[in-house]
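Reviewing the structure listed below.
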Number of protein chains: 2
Amino acid sequence: MDSTYLKRIIKTIGKENVITEYEDRICYSYDGTFQRGIPEVVVFPGNTGEVAEIIKLANIEHIPVSPRGAGTGLSGGSIPEAHGIALVLTRMNKIKEISKEDLMAVVEPGVITGHFHQEIEKMGMFYPPDPASLKTCTMGGNVAENAGGPRAFKYGVTKDYVLGLEVVTPTGEIMRTGGRTVKNVTGYDLTRLLTGSEGTLGIITEITVRLLPKPKDKKTALVYFDQLKDAAKTVTSIIYEGVIPATIELMDRVTINCVEKYTKQGLPLDVEAILLMEVDGSPAQVAEDIQIIEDVCKRNNCRNTEIASAYEERERLWKARRAVSSAIVQLKPTKISEDATVPRSKIPEMVKSLKEIGTKYQLHLPVFGHAGDGNLHPNILADKNDHDEMERVEKAVGEIFQAALALGGTLSGEHGIGIMKKPYLQWELGEVGLNYLRAIKKAVDPNNILNPGKIF
Amino acid sequence: MDSTYLKRIIKTIGKENVITEYEDRICYSYDGTFQRGIPEVVVFPGNTGEVAEIIKLANIEHIPVSPRGAGTGLSGGSIPEAHGIALVLTRMNKIKEISKEDLMAVVEPGVITGHFHQEIEKMGMFYPPDPASLKTCTMGGNVAENAGGPRAFKYGVTKDYVLGLEVVTPTGEIMRTGGRTVKNVTGYDLTRLLTGSEGTLGIITEITVRLLPKPKDKKTALVYFDQLKDAAKTVTSIIYEGVIPATIELMDRVTINCVEKYTKQGLPLDVEAILLMEVDGSPAQVAEDIQIIEDVCKRNNCRNTEIASAYEERERLWKARRAVSSAIVQLKPTKISEDATVPRSKIPEMVKSLKEIGTKYQLHLPVFGHAGDGNLHPNILADKNDHDEMERVEKAVGEIFQAALALGGTLSGEHGIGIMKKPYLQWELGEVGLNYLRAIKKAVDPNNILNPGKIF
């Protein structure tokens with residue numbers, strides 16, 4: 001990188017906010033996948049004006065820029081471009097405003113999601129999106145990737161909560177989209193276009209979100225099924241009865257066995273599926289919903305049902321689900337976490353296909369996920385140093401996507417495309433769709449500055 | 001229009017599906033506003049392929065095309081361009097698929113929304129978006145304008161229900177966006193970009209929507225307030241208590257007086273506001289919610305509360321709200337219906353500003369609307385033949401928008417920009433935002449074929 005250019009960046013944001021040493025840059029070369037990319041320089045702007053200055057400079061010199069939050073993403077979206085700038089938003093971490101009256105808040109992109117949850121909940125409100133990484137991940141990253149989480153089934157994903165954004169465009173100008181109101185049809189929905197655009201159409205520098213009042217009551221049910229198809233039928237029946245649980249999590253037999261080995265909590269090793277469901281709302285509603293859930297589970301041949309109301313008991317039931325990621329890497333250290341989503345009614349077929357793919361390529365393939373919206377997380381555990389195995393992994397991943405698409409599903413329910421799924425994008429979108437996306441990207445980022453290697 | 005070109009259209013879709021006579025073309029020159037535009041020709045394609053053919057031809061000859069549903073829109077979005085083609089989607093009116101298991105349906109754009117509601121409700125499901133014009137308007141038009149309705153407060157708007165689209169692009173190619181799944185982060189969110197794009201980025205030829213199970217119970221409350229600020233405080237308090245009514249409709253004193261004159265149903269003429277609220281859900285939930293509503297209303301000095309459970313009684317309470325549009329045009333025949341939305345807590349200030357604007361310009365200005373999301377419908381009743389009055393109307397409309405924007409609101413909660421609000425778009429979006437929109441439009445519609453006079 002031109003040293004004049006580097007000097008100009010340093011002048012803009014201050015020497016202490018620029019990293020150039022190799023050993024330090026490595027610390028910003030990763031995300032939640034096993035991909036890597038070492039940037040030329042890492043910068044930490046302190047406000048929107050500084051972000052805009054850097055992007056303007058990048059346009060003059062045609063240097064790629066990769067925005068970054070905490071680097072916990074699961075699709076490669078924040079892997080920096082080699083010879084590019086990693087632009088880290090974590091210094092911009094203020095909660096600017098919280099309004100109980102209008103049930104909304106304004107935050108900077110570097111605010112940690114879990115920290116935001118705590119502040120809001122102290123005030124009797126809640127912000128539903130709950131990605132698994134919430135103790136570390138940032139609100140800006142959540143918007144860029146349209147993060148979901150277990151609560152998405154009832155409450156939706158990040159996109160359903162973003163009311164407006166402040167954005168630095170790929171050419172370094174500052175604009176606002178949306179606003180402070182829930183309903184807004186002014187112009188095109190740039191807020192929703194930018195949410196989930198994985199840092200390719202703009203850098204998010206401020207987020208306005210809507211909040212909900214905190215539910216007054218909550219109950220959790222842990223249910224064992226001898227047959228997976230009964231678990232799947234239970235899911236569709238519960239929803240059809242009009243009950244919308246806050247979460248419906250599924251764990252298959254491979255997953256359950258991994259978890260039990262790890263936590264030794266007494267899970268049965270011979271069930272085909274566990275469903276973990278939580279209902280929230282008013283006490284009357286919650287009591288009614290849990291009763292319906294119990295009835296439906298019984299009608300669908302469940303082996304056992306445990307219901308918990310008090311906080312500690314509910315946490316005990318959640319323990320198994322939260323241990324999954326750590327438990328499965330005990331099998332093998334390289335975790336390829338997939339995210340293929342299918343219509344709810346196709347869950348049994350999808351799980352069957354996944355089992356067949358695991359057997360065909362001789363791979364460990366636990367399946368768990370958000371059964372309520374058909375968003376399964378088939379994981380492959382491998383050893384990245386075993387090249388033969390990694391070749392089989394690549395073939396297996398391709399077949400997983402084909403299976404999802406064949407059942408009317410999609411490549412990515414919540415993790416995003418990033419680098420990982422780029423090659424498969426055309427299967428789902430078709431040439432015309434891909435060209436439409438490319439045209440938009442080219443129109444707003446003529447110098448191809450922002451995250452050039454992502455999505456396309 | 002070149003007669004060779006006309007011949008090619010006729011060859012593509014059949015003579016019986018093309019209108020050229022002036023008297024007939026006039027019938028497609030209107031929408032729900034008082035704007036007019038007489039197209040050169042009106043065409044009625046029968047399938048997606050025919051739509052694509054016509055758009056391809058339009059690109060060769062650089063002829064503007066205005067897509068159209070039932071022509072009931074409130075922003076001028078479907079007013080045809082003079083010297084252009086009005087492309088009417090009403091022949092494509094099949095409900096292609098309804099899935100109880102996956103709670104989704106696939107429809108052609110010409111399906112009438114009210115008719116779709118009936119089919120779905122027969123099966124025990126429901127599709128929440130309920131624009132006032134639902135007996136006539138089409139699903140395609142609803143998507144193009146991201147239509148809302150009274151139920152939007154609890155259930156959201158059209159955009160919250162569209163899972164995927166089939167679209168003919170402005171250059172005449174066919175693409176699909178989204179899919180059949182609730183969660184999808186593949187590529188950019190073209191589904192949400194196109195929803196509400198008012199026919200400028202593509203023509204919608206098929207829509208996949210998600211459905212909900214029908215709520216088991218419903219109760220309606222009609223409440224009178226001596227002071228508007230008490231009604232507004234009631235709204236925010238109810239929501240803060242965690243009750244999310246399906247609808248919260250507000251009517252001000254001018255509106256009430258018009259309605260009572262028209263329906264003679266015994267409404268009080270000296271109250272400042274009426275709130276009409278409906279809660280739905282399980283019987284236990286509904287009973288609890290209605291009790292909370294009654295308590296909050298009493299705490300906020302309501303004069304009177306009527307609660308209805310049975311269908312006929314609820315319909316009687318709704319009668320006043322449904323009569324509003326017809327009642328207010330008794331004042332004067334030209335209805336300019338505005339849609340400025342403000343944060344909920346700002347409703348009293350906005351209504352005060354509206355009163356002041358009405359007085360300043362000596363105009364009839366009843367105010368009613370969806371108080372739950374701050375989406376007010378200030379209406380101005382005038383006589384379009386009175387030029388002085390129409391000049392005052394134009395000034396008043398500008399001040400209404402400024403008032404909304406000053407309170408942190410938006411120009412349009414649900415009606416769209418169309419022709420009517422174009423001049424004000426820059427106030428809300430700023431130059432950078434407007435350029436970003438224009439760049440997108442230019443990228444996907446290089447020949448500026450689709451609805452060239454709309455939005456920009």
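Letters for chains follow the order of the structure tokens (A, B, ...), residue numbers begin at 1 for each chain, and ligand numbers begin at 1 in the order shown.
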If you take only C-alpha atoms and a cut-off of 7 Å, which residues of chain B touch chain A, and what are their nearest atom pairs and distances in Å to one decimal, in chain and number order, as a Markdown table?
```
| residue | atom | partner | partner_atom | distance |
| --- | --- | --- | --- | --- |
| B:Glu101 | CA | A:Ser345 | CA | 6.4 |
| B:Asp102 | CA | A:Ser345 | CA | 6.1 |
| B:Glu173 | CA | A:Val432 | CA | 6.9 |
| B:Ile174 | CA | A:Val432 | CA | 6.9 |
| B:Met175 | CA | A:Gly433 | CA | 5.5 |
| B:Arg176 | CA | A:Gly433 | CA | 6.8 |
| B:Arg180 | CA | A:Gly408 | CA | 6.4 |
| B:Thr181 | CA | A:Pro343 | CA | 5.3 |
| B:Val182 | CA | A:Asp373 | CA | 6.3 |
| B:Lys183 | CA | A:Gly413 | CA | 4.7 |
| B:Asn184 | CA | A:Gly413 | CA | 4.5 |
| B:Val185 | CA | A:Gly416 | CA | 5.5 |
| B:Thr186 | CA | A:Ser412 | CA | 5.7 |
| B:Gly187 | CA | A:Ile455 | CA | 6.5 |
| B:Tyr188 | CA | A:Ser197 | CA | 5.7 |
| B:Asp189 | CA | A:Leu193 | CA | 5.4 |
| B:Arg192 | CA | A:Arg192 | CA | 6.4 |
| B:Leu193 | CA | A:Asp189 | CA | 5.4 |
| B:Gly196 | CA | A:Val185 | CA | 6.6 |
| B:Ser197 | CA | A:Tyr188 | CA | 5.7 |
| B:Pro213 | CA | A:Gly242 | CA | 5.4 |
| B:Thr236 | CA | A:Glu101 | CA | 6.7 |
| B:Tyr240 | CA | A:Pro213 | CA | 6.2 |
| B:Gly242 | CA | A:Pro213 | CA | 5.5 |
| B:Ala284 | CA | A:Ala284 | CA | 5.9 |
| B:Gln285 | CA | A:Gln285 | CA | 5.5 |
| B:Val342 | CA | A:Thr181 | CA | 6.3 |
| B:Pro343 | CA | A:Thr181 | CA | 5.3 |
| B:Arg344 | CA | A:Asp102 | CA | 6.1 |
| B:Ser345 | CA | A:Asp102 | CA | 6.1 |
| B:Asp373 | CA | A:Val182 | CA | 6.3 |
| B:Gly408 | CA | A:Arg180 | CA | 6.4 |
| B:Gly409 | CA | A:Thr181 | CA | 6.2 |
| B:Thr410 | CA | A:Asn184 | CA | 6.3 |
| B:Leu411 | CA | A:Thr186 | CA | 6.5 |
| B:Ser412 | CA | A:Val185 | CA | 5.5 |
| B:Gly413 | CA | A:Asn184 | CA | 4.5 |
| B:Glu414 | CA | A:Val185 | CA | 5.8 |
| B:Gly416 | CA | A:Val185 | CA | 5.5 |
| B:Ile417 | CA | A:Thr186 | CA | 6.2 |
| B:Leu429 | CA | A:Arg176 | CA | 6.8 |
| B:Val432 | CA | A:Met175 | CA | 5.7 |
| B:Gly433 | CA | A:Met175 | CA | 5.5 |
| B:Tyr436 | CA | A:Val444 | CA | 6.5 |
| B:Leu437 | CA | A:Tyr188 | CA | 6.8 |
| B:Ala439 | CA | A:Ala443 | CA | 5.4 |
| B:Ile440 | CA | A:Ile440 | CA | 5.4 |
| B:Ala443 | CA | A:Ala439 | CA | 5.4 |
| B:Val444 | CA | A:Ala439 | CA | 6.3 |
| B:Ile455 | CA | A:Gly187 | CA | 6.5 |
```
DSSP on the backbone, then: every residue of region 343-372 of chain B marked strand (DSSP E or B), written as a VMD selection string.
chain B and resid 364 367 to 370
Atoms kept (all heavy atoms) for selection, written as a short mmCIF file (atom, residue, chain, number, x, y, z; two decimals), in the first residue's frame:
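Written file, result.cif:
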```cif
data_model
loop_
_atom_site.label_atom_id
_atom_site.label_comp_id
_atom_site.auth_asym_id
_atom_site.auth_seq_id
_atom_site.Cartn_x
_atom_site.Cartn_y
_atom_site.Cartn_z
N HIS B 364 -61.40 21.95 5.28
CA HIS B 364 -61.95 20.86 6.07
C HIS B 364 -60.87 19.79 6.21
O HIS B 364 -60.39 19.27 5.21
CB HIS B 364 -63.14 20.22 5.35
CG HIS B 364 -64.33 21.10 5.23
ND1 HIS B 364 -65.07 21.52 6.32
CD2 HIS B 364 -64.92 21.66 4.14
CE1 HIS B 364 -66.06 22.29 5.91
NE2 HIS B 364 -66.00 22.39 4.60
N VAL B 367 -59.29 14.04 10.70
CA VAL B 367 -58.14 13.18 10.97
C VAL B 367 -58.60 11.86 11.53
O VAL B 367 -59.34 11.81 12.51
CB VAL B 367 -57.17 13.84 11.97
CG1 VAL B 367 -55.97 12.92 12.23
CG2 VAL B 367 -56.70 15.19 11.47
N PHE B 368 -58.19 10.79 10.91
CA PHE B 368 -58.46 9.45 11.46
C PHE B 368 -57.27 8.58 11.09
O PHE B 368 -56.34 9.04 10.42
CB PHE B 368 -59.78 8.90 10.92
CG PHE B 368 -59.85 8.86 9.42
CD1 PHE B 368 -59.51 7.71 8.72
CD2 PHE B 368 -60.28 9.98 8.70
CE1 PHE B 368 -59.56 7.69 7.33
CE2 PHE B 368 -60.33 9.95 7.32
CZ PHE B 368 -59.97 8.80 6.63
N GLY B 369 -57.27 7.33 11.56
CA GLY B 369 -56.17 6.48 11.13
C GLY B 369 -55.76 5.42 12.13
O GLY B 369 -56.45 5.14 13.10
N HIS B 370 -54.61 4.86 11.86
CA HIS B 370 -54.12 3.70 12.60
C HIS B 370 -53.19 4.17 13.71
O HIS B 370 -51.97 4.24 13.55
CB HIS B 370 -53.37 2.77 11.63
CG HIS B 370 -54.06 2.60 10.31
ND1 HIS B 370 -55.37 2.18 10.19
CD2 HIS B 370 -53.64 2.84 9.04
CE1 HIS B 370 -55.70 2.14 8.91
NE2 HIS B 370 -54.69 2.54 8.19
#
```
Within 9 Å of Met1 (chain A), counting only C-alpha atoms, which residues show up once you throw out same-chain ones fewer than 5 positions away? Write them as JSON, numbers by chain, please.
{"A": [6, 40, 41, 63, 83, 84]}
Would you save the residues of that selection, restricted to C-alpha atoms, as a tab-separated table (two decimals), in the first residue's frame?
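Below is the file selection.tsv, written as the result:
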```tsv
chain	number	residue	atom	x	y	z
A	6	LEU	CA	-1.34	5.16	4.74
A	40	GLU	CA	-2.87	-4.87	4.46
A	41	VAL	CA	-3.95	-2.57	7.27
A	63	ILE	CA	-8.28	-0.23	-2.45
A	83	HIS	CA	-4.11	-6.17	0.11
A	84	GLY	CA	-7.16	-4.44	1.45
```
Show me, as a ChimeraX atom specification, the residues that have an atom within 8 Å of region 246-257 of chain A when counting only C-alpha atoms, minus same-chain residues fewer than 6 positions from it.
/A:150-155,228,235,267-280,321,324,328,365-372
Residue nearest Lys56 (chain B) among B:Ile9, B:Leu74, B:Ile380, B:Ala308 (counting only C-alpha atoms)
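Ranked by minimum distance to Lys56 (chain B), first place goes to B:Ile9.
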From region 1-103 of chain A, collect each residue whose DSSP state is alpha helix (DSSP H) and return the set as number ranges by chain.
A: 3-13, 22-26, 48-61
Write to file, as a compact mmCIF listing (two decimals), in the first residue's frame, the residues of the selection just made, with N, CA, C and O atoms.
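Listing of part-v8.txt after writing:
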```
# COMPACT_ATOMS: atom_id res chain seq x y z
N SER A 3 2.57 4.55 0.72
CA SER A 3 2.75 5.09 2.06
C SER A 3 2.08 6.45 2.24
O SER A 3 1.74 6.84 3.35
N THR A 4 1.87 7.17 1.13
CA THR A 4 1.17 8.46 1.21
C THR A 4 -0.26 8.18 1.69
O THR A 4 -0.81 8.87 2.53
N TYR A 5 -0.81 7.15 1.08
CA TYR A 5 -2.18 6.76 1.41
C TYR A 5 -2.28 6.38 2.88
O TYR A 5 -3.19 6.82 3.59
N LEU A 6 -1.35 5.58 3.35
CA LEU A 6 -1.34 5.16 4.74
C LEU A 6 -1.23 6.38 5.65
O LEU A 6 -1.93 6.49 6.66
N LYS A 7 -0.38 7.32 5.23
CA LYS A 7 -0.22 8.54 6.05
C LYS A 7 -1.55 9.29 6.13
O LYS A 7 -1.89 9.82 7.19
N ARG A 8 -2.28 9.32 5.03
CA ARG A 8 -3.55 10.05 5.04
C ARG A 8 -4.56 9.38 5.98
O ARG A 8 -5.32 10.06 6.69
N ILE A 9 -4.56 8.04 6.00
CA ILE A 9 -5.46 7.34 6.93
C ILE A 9 -5.09 7.68 8.36
O ILE A 9 -5.94 8.02 9.19
N ILE A 10 -3.79 7.61 8.65
CA ILE A 10 -3.32 7.89 10.00
C ILE A 10 -3.71 9.31 10.41
O ILE A 10 -4.13 9.57 11.53
N LYS A 11 -3.58 10.22 9.45
CA LYS A 11 -3.94 11.61 9.73
C LYS A 11 -5.45 11.72 10.05
O LYS A 11 -5.85 12.48 10.92
N THR A 12 -6.26 10.94 9.34
CA THR A 12 -7.71 11.01 9.53
C THR A 12 -8.15 10.46 10.88
O THR A 12 -8.97 11.05 11.56
N ILE A 13 -7.61 9.30 11.25
CA ILE A 13 -8.17 8.67 12.47
C ILE A 13 -7.19 8.53 13.63
O ILE A 13 -7.57 8.08 14.70
N TYR A 22 2.41 -7.08 11.12
CA TYR A 22 1.91 -8.36 10.62
C TYR A 22 1.25 -9.21 11.72
O TYR A 22 0.14 -9.73 11.55
N GLU A 23 1.96 -9.35 12.85
CA GLU A 23 1.44 -10.20 13.93
C GLU A 23 0.08 -9.68 14.42
O GLU A 23 -0.77 -10.46 14.83
N ASP A 24 -0.08 -8.37 14.40
CA ASP A 24 -1.35 -7.79 14.86
C ASP A 24 -2.44 -7.95 13.80
O ASP A 24 -3.59 -8.21 14.12
N ARG A 25 -2.06 -7.83 12.54
CA ARG A 25 -3.06 -7.94 11.48
C ARG A 25 -3.67 -9.34 11.42
O ARG A 25 -4.83 -9.52 11.07
N ILE A 26 -2.85 -10.33 11.79
CA ILE A 26 -3.35 -11.71 11.80
C ILE A 26 -4.58 -11.84 12.71
O ILE A 26 -5.51 -12.60 12.42
N THR A 48 -18.81 8.35 12.14
CA THR A 48 -19.26 8.21 10.76
C THR A 48 -18.40 9.02 9.80
O THR A 48 -18.06 8.54 8.70
N GLY A 49 -18.04 10.22 10.18
CA GLY A 49 -17.22 11.08 9.32
C GLY A 49 -15.91 10.40 8.97
O GLY A 49 -15.46 10.44 7.82
N GLU A 50 -15.29 9.74 9.94
CA GLU A 50 -14.02 9.06 9.69
C GLU A 50 -14.21 7.88 8.74
O GLU A 50 -13.40 7.64 7.85
N VAL A 51 -15.30 7.16 8.94
CA VAL A 51 -15.60 6.04 8.03
C VAL A 51 -15.71 6.57 6.60
O VAL A 51 -15.10 6.04 5.67
N ALA A 52 -16.46 7.66 6.44
CA ALA A 52 -16.66 8.23 5.10
C ALA A 52 -15.34 8.68 4.48
O ALA A 52 -15.09 8.44 3.30
N GLU A 53 -14.47 9.31 5.29
CA GLU A 53 -13.16 9.74 4.79
C GLU A 53 -12.36 8.57 4.25
O GLU A 53 -11.77 8.64 3.18
N ILE A 54 -12.33 7.49 5.02
CA ILE A 54 -11.55 6.32 4.62
C ILE A 54 -12.09 5.73 3.32
O ILE A 54 -11.34 5.35 2.42
N ILE A 55 -13.42 5.65 3.21
CA ILE A 55 -14.01 5.09 1.99
C ILE A 55 -13.71 5.99 0.79
O ILE A 55 -13.43 5.51 -0.31
N LYS A 56 -13.75 7.30 1.01
CA LYS A 56 -13.42 8.21 -0.09
C LYS A 56 -11.99 7.97 -0.56
O LYS A 56 -11.73 7.86 -1.77
N LEU A 57 -11.08 7.86 0.41
CA LEU A 57 -9.67 7.59 0.07
C LEU A 57 -9.57 6.26 -0.69
O LEU A 57 -8.88 6.16 -1.69
N ALA A 58 -10.28 5.25 -0.21
CA ALA A 58 -10.23 3.93 -0.85
C ALA A 58 -10.68 4.00 -2.30
O ALA A 58 -10.14 3.31 -3.17
N ASN A 59 -11.67 4.87 -2.59
CA ASN A 59 -12.16 5.00 -3.96
C ASN A 59 -11.12 5.64 -4.87
O ASN A 59 -10.99 5.29 -6.03
N ILE A 60 -10.38 6.61 -4.31
CA ILE A 60 -9.35 7.27 -5.12
C ILE A 60 -8.27 6.27 -5.51
O ILE A 60 -7.83 6.20 -6.65
N GLU A 61 -7.86 5.46 -4.53
CA GLU A 61 -6.75 4.52 -4.73
C GLU A 61 -7.21 3.13 -5.18
O GLU A 61 -6.39 2.24 -5.38
```
May I ask for the distance between CA of Leu89 (chain B) and CA of Phe126 (chain B), given in Å to one decimal place?
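If I compute the distance from CA of Leu89 (chain B) to CA of Phe126 (chain B), I get 23.8 Å.
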Here is a test: counting only C-alpha atoms, which residue of A:Gln227, A:Gly266, A:Pro67, A:Thr33 is nearest to Asn379 (chain A)?
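That would be A:Thr33, the residue with the smallest distance to Asn379 (chain A).
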Counting only C-alpha atoms, the residue of B:Thr305, B:Gln402, B:Ser133, B:Ser325 that sits nearest Tyr262 (chain B)
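Of all the options, B:Ser325 lies closest to Tyr262 (chain B).
Relative to CA of Glu108 (chain A), CA of Asn142 (chain A) is found at 12.0 Å.
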Atom-to-atom span, CA of Pro452 (chain A) and CA of Val107 (chain A), Å:
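CA of Pro452 (chain A) sits 26.8 Å away from CA of Val107 (chain A).
By chain and then residue number, the residues within 8 Å of Lys332 (chain B) are B:Ile328, B:Leu381, B:Ala382, B:Asp383, counting only C-alpha atoms and disregarding those fewer than 4 positions away in sequence.
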Please save all heavy atoms of the selected residues as a compact mmCIF listing (two decimals), in the first residue's frame.
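Dumped to result-v8.txt:
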```
# COMPACT_ATOMS: atom_id res chain seq x y z
N ILE B 328 -67.02 11.54 4.78
CA ILE B 328 -66.30 12.82 4.68
C ILE B 328 -66.43 13.48 3.32
O ILE B 328 -66.36 14.71 3.22
CB ILE B 328 -64.82 12.71 5.11
CG1 ILE B 328 -64.04 11.74 4.22
CG2 ILE B 328 -64.72 12.31 6.58
CD1 ILE B 328 -62.56 11.63 4.60
N LEU B 381 -60.80 17.89 2.40
CA LEU B 381 -61.94 17.84 1.49
C LEU B 381 -62.06 19.19 0.80
O LEU B 381 -62.11 20.23 1.46
CB LEU B 381 -63.24 17.53 2.25
CG LEU B 381 -63.42 16.08 2.68
CD1 LEU B 381 -63.10 15.08 1.58
CD2 LEU B 381 -62.63 15.78 3.93
N ALA B 382 -62.06 19.15 -0.52
CA ALA B 382 -62.09 20.42 -1.27
C ALA B 382 -62.90 20.21 -2.55
O ALA B 382 -63.50 19.16 -2.76
CB ALA B 382 -60.66 20.84 -1.60
N ASP B 383 -62.90 21.22 -3.38
CA ASP B 383 -63.58 21.12 -4.67
C ASP B 383 -62.53 21.39 -5.73
O ASP B 383 -61.99 22.51 -5.80
CB ASP B 383 -64.70 22.17 -4.73
CG ASP B 383 -65.49 22.08 -6.02
OD1 ASP B 383 -65.02 21.40 -6.98
OD2 ASP B 383 -66.57 22.68 -6.10
```
Near Ala310 (chain A), within 12 Å and counting only C-alpha atoms, which residues show up once chain neighbours fewer than 2 positions away are dropped, as a PyMOL selection string?
chain A and resi 217-221+307-308+312-317
